[in-house]
Amino acid sequence: LEEQLRQSQKMEAVGQLTGGLAHDFNNLLAGIQGSLEMIGTRTRQGRMADVDRYLVAAQEAARRAAALTHRLLAFSRRQTLAPRATDVDALVAGMEELLRRTVGPGIEMEVARGPDVWAVEVDPNQLENALLNLVINARDAMPDGGRITIETANRALDKRAARERDIAPGHYVSLSVTDTGTGMPPEVAARAFDPFFTTKPLGVGTGLGLSMVYGFARQSGGQVRIHSAVGQGTTVSLYLPRHTGGAEGHEVAPLDAPGEAV
Ligand code: ADP
């Protein structure tokens with residue numbers, strides 16, 4: 001039954017994906033068609049001055065359509081996870097330079113490490129991708145500058161805290177990225193994880209960032225949560241399951257739920 005559920009969720013995601021792609025692709029095709037029509041009209045009228053402009057527009061739309069299908073292919077081919085014991089703070093420290101260069105000089109970036117943060121069980125490459133995506137989103141939400149805070153903390157979630165976060169009770173490390181940017185209105189927050197949902201201009205946003213972060217978190221046995229207030233900013237928190245292998249010493253039983261593994 002679980003496998004069926006997983007399969008149907010997968011099909012749903014594929015449906016959303018192809019639906020979103022078809023929509024964006026259609027828009028681009030409409031642009032190309034419109035440009036070609038204008039080229040035809042202007043050519044017949046002998047008004048060649050504008051023809052070049054429409055040619056460039058058609059070429060640009062075709063280029064974007066090609067990029068879109070490339071991204072779809074990359075998305076469907078995305079790597080399988082290779083989870084292992086991972087030190088989140090070390091991973092963040094290793095990326096700090098890259099992240100600072102990515103956000104640029106107009107944005108302050110602060111890293112706040114929690115005390116004695118547990119090792120987590122995730123694919124470190126995918127976690128790097130996820131963090132980069134979150135930081136890019138934070139940057140994009142602050143065109144006039146601001147502050148990004150990357151924070152780690154140990155989280156022991158009891159039944160209630162876990163239910164609130166739609167996750168199994170147990171031990172997690174949270175990795176959150178907070179910005180002082182535009183924030184998301186509720187209708188954007190509700191769709192933010194949908195594949196191909198984007199409010200950014202075509203060619204800038206792919207709408208795949210958060211959907212990949214979500215897929216990574218869920219497949220890792222974790223979760224991702226958004227807290228956002230329009231005009232104030234956004235926090236996106238990843239919950240990553242604690243590594244409970246031999247090397248870290250004894251395992252800690254999940255809180256309140258002996259049956260559910262972390
Ligand atoms: P993309 O960044 O390509 O648009 P994402 O899936 O990463 O795709 O994000 C989807 C949408 O969610 C964005 O277009 C934006 O509207 C919103 N969003 C994501 N992160 C933030 C953020 N930190 N602040 C405000 N809005 C955000």
# chains A, B, ... in the order shown; residues from 1 in each chain; ligands from 1
>>> residues_near_ligand(ligand="ligand 1", cutoff="6 Å", atoms="only C-alpha atoms and all ligand atoms", output="list of chain:residue names")
A:Asn137, A:Ala138, A:Ala141, A:Thr182, A:Gly183, A:Met184, A:Ala192, A:Phe193, A:Phe197, A:Thr198, A:Thr199, A:Lys200, A:Gly205, A:Thr206, A:Gly207, A:Leu208, A:Gly209, A:Leu210, A:Ser211, A:Thr234
>>> select_by_dssp(residues="stretch 117-170 of chain A", states="strand (DSSP E)", output="PDB file with C-alpha atoms, in the first residue's frame")
ATOM      1  CA  VAL A 120      22.553  13.975   9.944  1.00  0.00           C
ATOM      2  CA  GLU A 121      21.835  11.172   7.493  1.00  0.00           C
ATOM      3  CA  VAL A 122      21.550  12.793   4.051  1.00  0.00           C
ATOM      4  CA  GLY A 146      19.320  43.010   3.323  1.00  0.00           C
ATOM      5  CA  ARG A 147      20.505  40.196   5.508  1.00  0.00           C
ATOM      6  CA  ILE A 148      20.637  36.425   5.167  1.00  0.00           C
ATOM      7  CA  THR A 149      20.988  34.282   8.283  1.00  0.00           C
ATOM      8  CA  ILE A 150      21.899  30.611   7.981  1.00  0.00           C
ATOM      9  CA  GLU A 151      21.193  28.805  11.227  1.00  0.00           C
ATOM     10  CA  THR A 152      21.576  25.258  12.508  1.00  0.00           C
ATOM     11  CA  ALA A 153      20.002  23.715  15.610  1.00  0.00           C
ATOM     12  CA  ASN A 154      19.222  20.334  17.150  1.00  0.00           C
ATOM     13  CA  ARG A 155      15.512  19.565  17.262  1.00  0.00           C
ATOM     14  CA  ALA A 156      13.931  16.827  19.341  1.00  0.00           C
ATOM     15  CA  LEU A 157      10.363  16.761  18.057  1.00  0.00           C
ATOM     16  CA  GLY A 170      12.192  12.055  16.463  1.00  0.00           C
TER      17      GLY A 170
END
>>> residues_around(residues="A:Val103", least_positions_apart="5", cutoff="8 Å", atoms="only C-alpha atoms", output="ChimeraX atom specification")
/A:135-136,139
>>> write_last_selection(atoms="C-alpha atoms", output="PDB file, in the first residue's frame")
ATOM      1  CA  VAL A 135      20.312  31.208  -0.542  1.00  0.00           C
ATOM      2  CA  ILE A 136      19.682  32.195  -4.183  1.00  0.00           C
ATOM      3  CA  ARG A 139      19.046  36.873  -2.507  1.00  0.00           C
TER       4      ARG A 139
END
>>> closest_atom_pairs(of="stretch 101-129 of chain A", to="stretch 212-220 of chain A", cutoff="12 Å", atoms="only C-alpha atoms", output="JSON lines")
{"residue": "A:Val120", "atom": "CA", "partner": "A:Ser220", "partner_atom": "CA", "distance": 9.9}
{"residue": "A:Glu121", "atom": "CA", "partner": "A:Ser220", "partner_atom": "CA", "distance": 7.6}
{"residue": "A:Val122", "atom": "CA", "partner": "A:Ser220", "partner_atom": "CA", "distance": 6.0}
{"residue": "A:Asp123", "atom": "CA", "partner": "A:Ser220", "partner_atom": "CA", "distance": 8.0}
{"residue": "A:Pro124", "atom": "CA", "partner": "A:Phe216", "partner_atom": "CA", "distance": 10.8}
{"residue": "A:Asn125", "atom": "CA", "partner": "A:Phe216", "partner_atom": "CA", "distance": 10.6}
{"residue": "A:Gln126", "atom": "CA", "partner": "A:Phe216", "partner_atom": "CA", "distance": 6.9}
{"residue": "A:Leu127", "atom": "CA", "partner": "A:Phe216", "partner_atom": "CA", "distance": 7.8}
{"residue": "A:Glu128", "atom": "CA", "partner": "A:Val213", "partner_atom": "CA", "distance": 10.2}
{"residue": "A:Asn129", "atom": "CA", "partner": "A:Val213", "partner_atom": "CA", "distance": 8.0}
>>> write_last_selection(atoms="C-alpha atoms", output="CSV table (one decimal), in the first residue's frame")
chain,number,residue,atom,x,y,z
A,120,VAL,CA,22.6,14.0,9.9
A,121,GLU,CA,21.8,11.2,7.5
A,122,VAL,CA,21.5,12.8,4.1
A,123,ASP,CA,23.2,12.9,0.7
A,124,PRO,CA,25.8,15.8,1.2
A,125,ASN,CA,25.8,16.8,-2.5
A,126,GLN,CA,22.0,17.2,-2.5
A,127,LEU,CA,22.2,19.1,0.7
A,128,GLU,CA,24.7,21.5,-0.9
A,129,ASN,CA,22.3,22.0,-3.9
>>> residues_around(residues="stretch 41-54 of chain A", least_positions_apart="6", cutoff="10 Å", atoms="only C-alpha atoms", output="list in words")
Gly31, Ile32, Gly34, Ser35 and Glu60 of chain A
>>> closest_residue(among="A:Val188, A:Ala22, A:Val117, A:Met109", to="A:Val173", atoms="only C-alpha atoms")
A:Val117
>>> atom_distance(atom1="atom CA of A:Ile226", atom2="atom CA of A:Ala189")
7.4 Å
>>> select_by_dssp(residues="stretch 95-143 of chain A", states="helix (DSSP H, G or I)", output="number ranges by chain")
A: 95-103, 124-140
